[in-house]
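Here is model.txt, consisting of compact mmCIF, C-alpha atoms:
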```txt
# COMPACT_ATOMS: atom_id res chain seq x y z
CA MET Y 1 17.25 -35.38 8.66
CA GLU Y 2 20.51 -34.73 6.90
CA LEU Y 3 21.20 -33.04 3.61
CA THR Y 4 23.87 -34.84 1.69
CA ILE Y 5 26.48 -32.77 -0.06
CA ASN Y 6 28.00 -34.54 -2.97
CA PRO Y 7 31.10 -33.55 -4.86
CA PRO Y 8 31.50 -31.63 -7.08
CA PHE Y 9 28.91 -29.34 -5.45
CA GLY Y 10 30.47 -29.28 -2.03
CA ALA Y 11 33.12 -30.82 0.10
CA GLY Y 12 31.11 -33.94 0.84
CA GLY Y 13 29.45 -35.12 4.03
CA THR Y 14 26.09 -34.24 5.53
CA LEU Y 15 24.54 -31.24 7.25
CA PRO Y 16 21.33 -30.74 9.26
CA VAL Y 17 18.54 -29.65 7.00
CA SER Y 18 17.62 -26.83 9.36
CA ARG Y 19 20.80 -25.10 8.24
CA ALA Y 20 19.81 -25.21 4.63
CA TRP Y 21 17.84 -22.53 2.88
CA ARG Y 22 17.07 -21.74 -0.68
CA ALA Y 23 19.23 -19.08 -2.27
CA SER Y 24 17.70 -18.78 -5.67
CA ARG Y 25 16.00 -20.87 -8.30
CA THR Y 26 17.69 -21.64 -11.58
CA SER Y 27 15.07 -23.83 -13.17
CA ARG Y 28 11.91 -25.69 -12.37
CA ALA Y 29 13.75 -28.97 -12.32
CA ASN Y 30 16.51 -28.09 -9.87
CA GLU Y 31 17.26 -25.58 -7.20
CA TRP Y 32 20.41 -24.03 -5.92
CA VAL Y 33 20.56 -24.33 -2.15
CA LYS Y 34 23.00 -22.49 0.01
CA VAL Y 35 24.12 -24.59 2.96
CA ASN Y 36 25.76 -23.12 6.01
CA SER Y 37 28.00 -25.70 7.59
CA GLY Y 38 28.01 -23.95 10.93
CA ASP Y 39 31.73 -24.55 11.28
CA ALA Y 40 33.87 -21.50 10.71
CA GLY Y 41 31.07 -19.95 8.70
CA ARG Y 42 31.80 -22.12 5.66
CA LYS Y 43 29.04 -22.09 3.06
CA TYR Y 44 28.39 -24.36 0.15
CA LEU Y 45 26.27 -23.77 -2.90
CA ILE Y 46 24.84 -27.07 -4.04
CA LYS Y 47 22.33 -28.20 -6.56
CA VAL Y 48 19.70 -30.54 -5.17
CA PRO Y 49 16.58 -32.13 -6.56
CA ARG Y 50 13.63 -29.83 -6.52
CA ASN Y 51 11.60 -29.97 -3.26
CA TYR Y 52 14.39 -31.69 -1.37
CA PRO Y 53 14.29 -29.29 1.61
CA VAL Y 54 10.51 -29.54 1.73
CA ALA Y 55 10.48 -33.30 1.67
CA SER Y 56 13.12 -33.35 4.35
CA VAL Y 57 10.92 -31.59 6.91
CA GLN Y 58 8.06 -33.95 6.22
CA GLY Y 59 6.48 -35.16 9.43
CA SER Y 60 8.89 -33.25 11.61
CA ALA Y 61 7.61 -31.33 14.60
CA VAL Y 62 8.34 -27.62 14.67
CA ASP Y 63 10.24 -26.71 17.81
CA THR Y 64 8.73 -24.25 20.26
CA ALA Y 65 11.36 -21.57 19.80
CA THR Y 66 10.81 -21.51 16.03
CA ALA Y 67 7.04 -21.35 16.54
CA GLN Y 68 7.38 -18.45 18.98
CA ILE Y 69 9.64 -16.48 16.67
CA PHE Y 70 7.29 -17.14 13.77
CA GLU Y 71 4.24 -16.03 15.75
CA GLY Y 72 5.89 -12.78 16.83
CA LEU Y 73 6.90 -11.95 13.27
CA ARG Y 74 3.51 -12.98 11.91
CA GLN Y 75 1.66 -10.71 14.31
CA LYS Y 76 3.94 -7.78 13.52
CA TRP Y 77 3.47 -8.37 9.79
CA GLU Y 78 -0.30 -8.64 10.12
CA ASN Y 79 -0.61 -5.54 12.31
CA GLU Y 80 1.50 -3.39 10.04
CA THR Y 81 0.26 -4.48 6.62
CA ALA Y 82 -3.41 -5.42 7.02
CA ILE Y 83 -4.61 -2.25 5.30
CA ASP Y 84 -2.13 -2.48 2.43
CA SER Y 85 -3.75 -3.35 -0.87
CA SER Y 86 -0.50 -4.48 -2.45
CA VAL Y 87 0.83 -7.99 -1.96
CA ALA Y 88 4.21 -6.80 -3.21
CA LYS Y 89 4.29 -4.23 -0.42
CA LYS Y 90 3.11 -6.76 2.17
CA SER Y 91 5.74 -9.23 1.05
CA MET Y 92 8.56 -6.72 1.35
CA HIS Y 93 7.77 -6.06 5.01
CA PRO Y 94 10.85 -6.90 7.14
CA ALA Y 95 8.93 -9.38 9.32
CA TYR Y 96 7.70 -11.27 6.25
CA GLN Y 97 11.19 -11.33 4.82
CA ARG Y 98 12.54 -12.69 8.09
CA ILE Y 99 9.96 -15.46 8.00
CA ILE Y 100 11.11 -16.37 4.49
CA GLY Y 101 14.66 -16.36 5.81
CA MET Y 102 13.72 -18.93 8.46
CA GLY Y 103 13.50 -21.46 5.65
CA PRO Y 104 11.70 -24.81 5.34
CA ASP Y 105 11.23 -25.19 9.12
CA VAL Y 106 8.36 -22.69 9.08
CA ILE Y 107 6.40 -24.25 6.22
CA PRO Y 108 4.04 -26.20 8.54
CA LEU Y 109 3.44 -23.00 10.54
CA ILE Y 110 2.71 -21.00 7.40
CA LEU Y 111 0.33 -23.65 6.10
CA ARG Y 112 -1.53 -23.76 9.41
CA ASP Y 113 -1.86 -19.97 9.37
CA LEU Y 114 -2.92 -20.06 5.74
CA ARG Y 115 -5.72 -22.47 6.63
CA ARG Y 116 -6.77 -20.55 9.74
CA ARG Y 117 -6.48 -16.89 8.72
CA ARG Y 118 -6.42 -17.10 4.90
CA ALA Y 119 -3.50 -14.65 4.81
CA HIS Y 120 -1.33 -13.92 1.77
CA TRP Y 121 1.48 -16.44 2.26
CA PHE Y 122 1.84 -17.40 -1.41
CA TRP Y 123 4.95 -15.32 -2.00
CA ALA Y 124 6.70 -16.81 1.04
CA LEU Y 125 5.66 -20.37 0.25
CA ASN Y 126 6.84 -19.98 -3.30
CA ALA Y 127 10.15 -18.46 -2.22
CA ILE Y 128 10.89 -21.12 0.41
CA THR Y 129 9.76 -24.21 -1.46
CA GLY Y 130 10.37 -23.21 -5.07
CA ASP Y 131 7.07 -24.88 -5.82
CA SER Y 132 4.00 -23.25 -7.38
CA PRO Y 133 0.92 -25.43 -6.86
CA ALA Y 134 -1.32 -22.36 -7.19
CA ASP Y 135 -0.12 -21.55 -10.71
CA GLY Y 136 -3.11 -20.94 -12.91
CA GLU Y 137 -5.45 -20.23 -9.99
CA SER Y 138 -7.25 -16.92 -10.31
CA THR Y 139 -8.68 -16.48 -6.83
CA VAL Y 140 -7.10 -16.33 -3.38
CA GLU Y 141 -9.52 -18.99 -2.17
CA CYS Y 142 -8.47 -21.48 -4.88
CA ALA Y 143 -4.79 -20.73 -4.29
CA ILE Y 144 -5.21 -21.43 -0.57
CA ASP Y 145 -6.90 -24.74 -1.39
CA ALA Y 146 -4.04 -25.64 -3.76
CA TRP Y 147 -1.38 -24.96 -1.13
CA ILE Y 148 -3.31 -26.82 1.59
CA ARG Y 149 -3.59 -29.84 -0.71
CA TRP Y 150 0.13 -29.53 -1.44
CA GLY Y 151 0.86 -29.50 2.31
CA LYS Y 152 -1.39 -32.46 3.02
CA ASP Y 153 0.23 -34.48 0.24
CA ARG Y 154 3.57 -34.01 2.02
CA GLY Y 155 2.30 -34.58 5.53
CA LEU Y 156 3.07 -31.01 6.51
CA ILE Y 157 -0.39 -30.13 7.74
CA MET B 1 -23.10 3.75 14.33
CA ALA B 2 -20.21 2.01 16.05
CA GLY B 3 -16.73 3.23 15.17
CA LEU B 4 -13.78 1.05 14.29
CA PRO B 5 -10.91 2.21 16.53
CA HIS B 6 -8.29 0.17 14.66
CA LEU B 7 -9.14 2.05 11.47
CA GLU B 8 -9.46 5.44 13.12
CA ALA B 9 -5.97 4.97 14.54
CA LEU B 10 -4.61 4.49 11.03
CA PHE B 11 -6.72 7.18 9.36
CA PRO B 12 -6.94 10.23 11.64
CA ASN B 13 -9.44 11.94 9.30
CA LEU B 14 -11.88 9.08 9.68
CA LEU B 15 -14.52 10.46 12.06
CA PRO B 16 -16.92 7.99 13.76
CA ASP B 17 -20.12 9.62 12.47
CA LYS B 18 -18.83 9.99 8.90
CA TYR B 19 -18.25 6.39 7.91
CA GLU B 20 -19.91 3.02 8.23
CA LYS B 21 -18.62 -0.54 8.06
CA THR B 22 -20.27 -2.49 5.25
CA SER B 23 -18.41 -5.81 5.41
CA GLU B 24 -16.19 -7.95 7.60
CA PRO B 25 -12.46 -8.21 6.83
CA ASP B 26 -11.86 -10.38 3.76
CA PRO B 27 -8.45 -11.27 2.26
CA ARG B 28 -9.92 -12.47 -1.04
CA TYR B 29 -10.13 -9.07 -2.71
CA ASN B 30 -8.51 -5.66 -2.35
CA CYS B 31 -9.51 -2.05 -2.86
CA ILE B 32 -8.73 -2.03 -6.57
CA ALA B 33 -10.93 -5.09 -7.11
CA TRP B 34 -13.65 -3.54 -4.98
CA ALA B 35 -13.51 -0.30 -6.96
CA ALA B 36 -13.89 -2.46 -10.07
CA ASP B 37 -16.91 -4.09 -8.40
CA ASP B 38 -15.20 -7.47 -8.14
CA ASN B 39 -15.16 -9.16 -4.73
CA LEU B 40 -13.79 -12.48 -5.97
CA ARG B 41 -10.27 -11.58 -7.00
CA TRP B 42 -7.32 -9.56 -5.74
CA TRP B 43 -6.33 -7.04 -8.43
CA GLU B 44 -2.64 -6.21 -8.54
CA PRO B 45 0.00 -6.00 -11.30
CA VAL B 46 2.32 -8.41 -9.49
CA GLY B 47 2.45 -11.03 -12.25
CA MET B 48 1.91 -14.14 -10.15
CA ALA B 49 -1.07 -16.36 -9.38
CA PRO B 50 -3.59 -15.93 -7.92
CA TYR B 51 -3.39 -12.17 -8.35
CA TYR B 52 -5.35 -10.70 -11.22
CA TRP B 53 -4.51 -7.88 -13.57
CA PRO B 54 -6.50 -7.15 -16.73
CA PRO B 55 -4.97 -8.65 -19.86
CA ASN B 56 -2.79 -6.39 -22.00
CA VAL B 57 -2.36 -3.83 -19.22
CA PRO B 58 1.28 -3.30 -18.19
CA LEU B 59 2.33 -5.08 -15.01
CA GLU B 60 3.50 -1.84 -13.40
CA TYR B 61 2.79 -0.10 -10.14
CA THR B 62 2.15 3.17 -11.93
CA LEU B 63 -0.84 5.45 -12.07
CA ALA B 64 -0.92 5.02 -15.86
CA SER B 65 -1.24 1.24 -15.55
CA TYR B 66 -4.05 1.50 -12.98
CA ILE B 67 -5.90 4.03 -15.16
CA GLU B 68 -5.58 1.67 -18.11
CA ALA B 69 -6.98 -1.19 -16.03
CA PHE B 70 -10.10 0.84 -15.28
CA GLU B 71 -10.32 2.09 -18.86
CA GLN B 72 -10.87 -1.54 -19.83
CA LEU B 73 -14.04 -1.39 -17.73
CA GLY B 74 -15.31 1.63 -19.62
CA TYR B 75 -13.95 4.37 -17.37
CA GLU B 76 -12.35 7.54 -18.66
CA LYS B 77 -10.41 10.28 -16.94
CA CYS B 78 -12.33 13.20 -15.43
CA ASP B 79 -11.50 16.24 -13.37
CA ASP B 80 -13.33 15.81 -10.10
CA GLY B 81 -15.31 13.56 -7.79
CA LYS B 82 -18.52 15.59 -7.81
CA TYR B 83 -21.62 13.42 -7.80
CA THR B 84 -23.55 13.32 -11.07
CA PRO B 85 -26.68 11.15 -11.37
CA GLY B 86 -26.20 8.32 -13.86
CA ILE B 87 -22.41 8.54 -13.65
CA GLU B 88 -20.16 6.24 -11.63
CA LYS B 89 -16.82 7.63 -10.48
CA ILE B 90 -13.61 6.21 -9.08
CA ALA B 91 -10.82 7.99 -7.23
CA ILE B 92 -7.28 6.60 -7.30
CA TYR B 93 -4.93 7.50 -4.45
CA VAL B 94 -1.15 7.51 -4.78
CA ASP B 95 1.44 7.39 -2.03
CA ARG B 96 4.32 9.84 -1.59
CA HIS B 97 6.31 7.95 -4.22
CA GLY B 98 3.52 8.29 -6.77
CA ALA B 99 2.60 4.60 -6.64
CA PRO B 100 -1.11 3.75 -6.55
CA SER B 101 -2.10 2.88 -2.99
CA HIS B 102 -5.89 2.83 -2.93
CA ALA B 103 -9.06 3.28 -4.94
CA ALA B 104 -12.55 4.32 -3.85
CA ARG B 105 -15.81 4.04 -5.81
CA GLN B 106 -18.61 6.60 -5.62
CA ARG B 107 -21.95 5.21 -4.48
CA GLY B 108 -24.02 8.37 -4.34
CA PRO B 109 -23.97 11.95 -3.10
CA LEU B 110 -21.55 12.13 -0.18
CA LYS B 111 -20.99 8.39 -0.31
CA TRP B 112 -17.85 6.55 -1.38
CA THR B 113 -17.06 2.90 -0.77
CA SER B 114 -13.59 1.58 0.04
CA LYS B 115 -12.05 -1.77 0.85
CA LEU B 116 -9.16 -1.22 3.24
CA GLY B 117 -6.52 -3.77 2.30
CA GLU B 118 -7.61 -7.12 3.73
CA MET B 119 -9.78 -5.35 6.28
CA GLU B 120 -13.35 -4.06 6.23
CA ASP B 121 -15.26 -2.35 3.45
CA ILE B 122 -16.56 1.02 4.55
CA ASP B 123 -18.83 3.72 3.18
CA HIS B 124 -17.36 7.15 3.80
CA ALA B 125 -18.68 10.63 3.11
CA THR B 126 -15.56 12.19 1.60
CA LEU B 127 -12.31 11.12 0.00
CA ASP B 128 -10.34 13.21 2.50
CA GLU B 129 -11.15 10.72 5.23
CA LEU B 130 -8.58 8.30 3.80
CA VAL B 131 -6.01 10.92 2.87
CA GLY B 132 -2.84 10.69 4.95
CA ASN B 133 0.38 8.79 5.50
CA ARG B 134 -1.05 5.39 4.59
CA TYR B 135 -2.81 6.05 1.30
CA GLY B 136 -1.44 9.46 0.35
CA ASN B 137 -3.67 11.69 -1.79
CA VAL B 138 -6.17 11.36 -4.61
CA ALA B 139 -4.30 11.70 -7.90
CA GLN B 140 -6.90 10.79 -10.51
CA PHE B 141 -10.66 10.66 -10.97
CA LEU B 142 -12.32 8.36 -13.49
CA ARG B 143 -15.92 8.23 -14.69
CA ARG B 144 -18.25 6.03 -16.71
CA ARG B 145 -21.94 5.99 -17.44
CA LEU B 146 -23.91 3.65 -15.18
CA GLY B 147 -25.17 0.62 -17.08
CA HIS B 148 -22.21 0.77 -19.48
CA SER B 149 -20.23 -2.45 -19.77
CA SER B 150 -20.59 -2.73 -16.01
CA THR B 151 -23.90 -4.56 -16.34
CA LEU B 152 -22.36 -7.39 -18.36
CA TYR B 153 -19.30 -7.44 -16.10
CA ARG B 154 -21.46 -7.72 -12.97
CA LEU B 155 -23.46 -10.54 -14.57
CA LEU B 156 -20.25 -12.40 -15.38
CA THR B 157 -19.06 -11.92 -11.81
CA VAL B 158 -22.25 -13.47 -10.45
CA VAL B 159 -21.97 -16.42 -12.87
CA LEU B 160 -18.33 -16.95 -11.85
CA ARG B 161 -19.33 -16.89 -8.18
CA VAL B 162 -22.01 -19.54 -8.72
CA ILE B 163 -19.60 -21.75 -10.68
CA GLN B 164 -17.00 -21.43 -7.91
CA LYS B 165 -19.53 -22.38 -5.21
CA CYS B 166 -20.71 -25.39 -7.22
CA THR B 167 -17.13 -26.52 -7.80
CA ASN B 168 -16.34 -26.17 -4.10
CA ARG B 169 -19.37 -28.28 -3.18
CA LEU B 170 -18.59 -30.92 -5.79
CA PHE B 171 -15.03 -31.35 -4.56
CA GLY B 172 -15.89 -30.92 -0.90
CA ARG B 173 -13.70 -27.89 -0.30
```
As structure tokens:
Amino acid sequence: MELTINPPFGAGGTLPVSRAWRASRTSRANEWVKVNSGDAGRKYLIKVPRNYPVASVQGSAVDTATAQIFEGLRQKWENETAIDSSVAKKSMHPAYQRIIGMGPDVIPLILRDLRRRRAHWFWALNAITGDSPADGESTVECAIDAWIRWGKDRGLI
Amino acid sequence: MAGLPHLEALFPNLLPDKYEKTSEPDPRYNCIAWAADDNLRWWEPVGMAPYYWPPNVPLEYTLASYIEAFEQLGYEKCDDGKYTPGIEKIAIYVDRHGAPSHAARQRGPLKWTSKLGEMEDIDHATLDELVGNRYGNVAQFLRRRLGHSSTLYRLLTVVLRVIQKCTNRLFGR
């Protein structure tokens, strides 16, 4: 899947979606996405429709290397934060931050882990996708259900 | 009683014959919720769903904010954790930066209950058993009379739990 860069946001052309990651969110309607071209370290900041990176990984298989890296980071995060009672503290753990930095490719892995272990992935999912299907939910259980439904709707789980 | 080596490794003061596991690990609620006698929600002033913080209490990781949260449940500050019949007490721990890290609720003489993050609930004899690098030290005790607003709160919690189960069954979750 390719992410199209349209002038005036970039130089034009397409880039593999795996090289795209969300930089920050400016509004609920649109997101700013930083795209690394991979050639000479050139980066573009483009505005794309909301959920574009998520939709782009729809139905795609996660490669083994990504899954292995994710699993190593996940285990480290779980081992080192399981007794923390603060989600903010859990979410600032370096392994968790690295998982967020892996971008949309890990969304299917996060959703699978969310379904299996019921862990606190809401911060990461929100940061990567820019979406908030659990808004208004008041329990962890309901938030998990909301994200699983969100994933199923997009063929990610 | 069987010890929990993974907890004893994290809390060196936790001695096998001084504590007892009372629940399996559960990510749905944390120690603050458990101290507030709520095992349905995760209490934290993080300001995002699904995490709960009492209304009108500042969304701050400060001891003052945590005290205010418990004050809404009828607690007031007190000087110690000595057991007094008819009185329920809570101890709030803070880490080395002064940020609240844990809360334990008194269950009786020489009996406190704690939820350890997402992990097990335990009954422990003293507060010192959880003192250390992970949770720091006890910084504040709170007290309230048993049967205060807690009775109504507990009733509401049970009703909420029933509604949630019915909803889950209806929608096949």
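Shortest atom-to-atom contact with Pro109 of chain B among B:Ile87, B:Cys31, B:Val159, B:Leu10: B:Ile87, counting only C-alpha atoms.
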*asked:* Residues within 8 Å of Tyr29 of chain B, please, as number ranges by chain. Count only C-alpha atoms; anything in the same chain fewer than 4 positions from it doesn't count.
replied: Y: 140; B: 33-34, 38-43, 118
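Atom pair atom CA of Met102 of chain Y / atom CA of Tyr51 of chain B: separated by 24.9 Å.
Counting all atoms listed in the file, the residue from B:Asp26, B:His97, B:Trp53, B:Lys18 that sits nearest to Leu110 of chain B is B:Lys18.
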*asked:* Applying 8 Å and all atoms listed in the file, which residues near Ala139 of chain B remain after dropping the ones on its own chain fewer than 3 positions away? List them as a PyMOL selection string.
replied: chain B and resi 91-94
Taking all atoms listed in the file into account, produce a table as a Markdown table in which each residue of chain Y with an atom at most 12 Å from an atom of chain B appears once, together with its shortest atom pair and the distance in Å to one decimal, ordered by chain and rising number.
```
| residue | atom | partner | partner_atom | distance |
| --- | --- | --- | --- | --- |
| Y:Glu78 | CA | B:Glu118 | CA | 9.8 |
| Y:Asn79 | CA | B:His6 | CA | 9.9 |
| Y:Glu80 | CA | B:Leu10 | CA | 10.0 |
| Y:Thr81 | CA | B:Gly117 | CA | 8.1 |
| Y:Ala82 | CA | B:Glu118 | CA | 5.6 |
| Y:Ile83 | CA | B:Gly117 | CA | 3.9 |
| Y:Asp84 | CA | B:Gly117 | CA | 4.6 |
| Y:Ser85 | CA | B:Gly117 | CA | 4.2 |
| Y:Ser86 | CA | B:Glu44 | CA | 6.7 |
| Y:Val87 | CA | B:Glu44 | CA | 7.6 |
| Y:Ala88 | CA | B:Val46 | CA | 6.8 |
| Y:Lys89 | CA | B:Ser101 | CA | 9.9 |
| Y:Lys90 | CA | B:Gly117 | CA | 10.1 |
| Y:Ser91 | CA | B:Val46 | CA | 11.1 |
| Y:Leu114 | CA | B:Pro27 | CA | 11.0 |
| Y:Arg115 | CA | B:Arg173 | CA | 11.9 |
| Y:Arg117 | CA | B:Pro27 | CA | 8.8 |
| Y:Arg118 | CA | B:Pro27 | CA | 6.7 |
| Y:Ala119 | CA | B:Pro27 | CA | 6.5 |
| Y:His120 | CA | B:Pro27 | CA | 7.6 |
| Y:Trp121 | CA | B:Pro27 | CA | 11.2 |
| Y:Phe122 | CA | B:Ala49 | CA | 8.5 |
| Y:Trp123 | CA | B:Met48 | CA | 8.8 |
| Y:Asn126 | CA | B:Met48 | CA | 10.3 |
| Y:Ser132 | CA | B:Ala49 | CA | 8.8 |
| Y:Pro133 | CA | B:Ala49 | CA | 9.6 |
| Y:Ala134 | CA | B:Ala49 | CA | 6.4 |
| Y:Asp135 | CA | B:Ala49 | CA | 5.4 |
| Y:Gly136 | CA | B:Ala49 | CA | 6.1 |
| Y:Glu137 | CA | B:Pro50 | CA | 5.1 |
| Y:Ser138 | CA | B:Pro50 | CA | 4.5 |
| Y:Thr139 | CA | B:Arg41 | CA | 5.2 |
| Y:Val140 | CA | B:Arg28 | CA | 5.3 |
| Y:Glu141 | CA | B:Arg28 | CA | 6.6 |
| Y:Cys142 | CA | B:Pro50 | CA | 8.0 |
| Y:Ala143 | CA | B:Pro50 | CA | 6.1 |
| Y:Ile144 | CA | B:Pro50 | CA | 9.3 |
| Y:Asp145 | CA | B:Arg173 | CA | 7.6 |
| Y:Ala146 | CA | B:Arg173 | CA | 10.5 |
| Y:Trp147 | CA | B:Pro50 | CA | 11.5 |
| Y:Ile148 | CA | B:Arg173 | CA | 10.6 |
| Y:Arg149 | CA | B:Arg173 | CA | 10.3 |
```
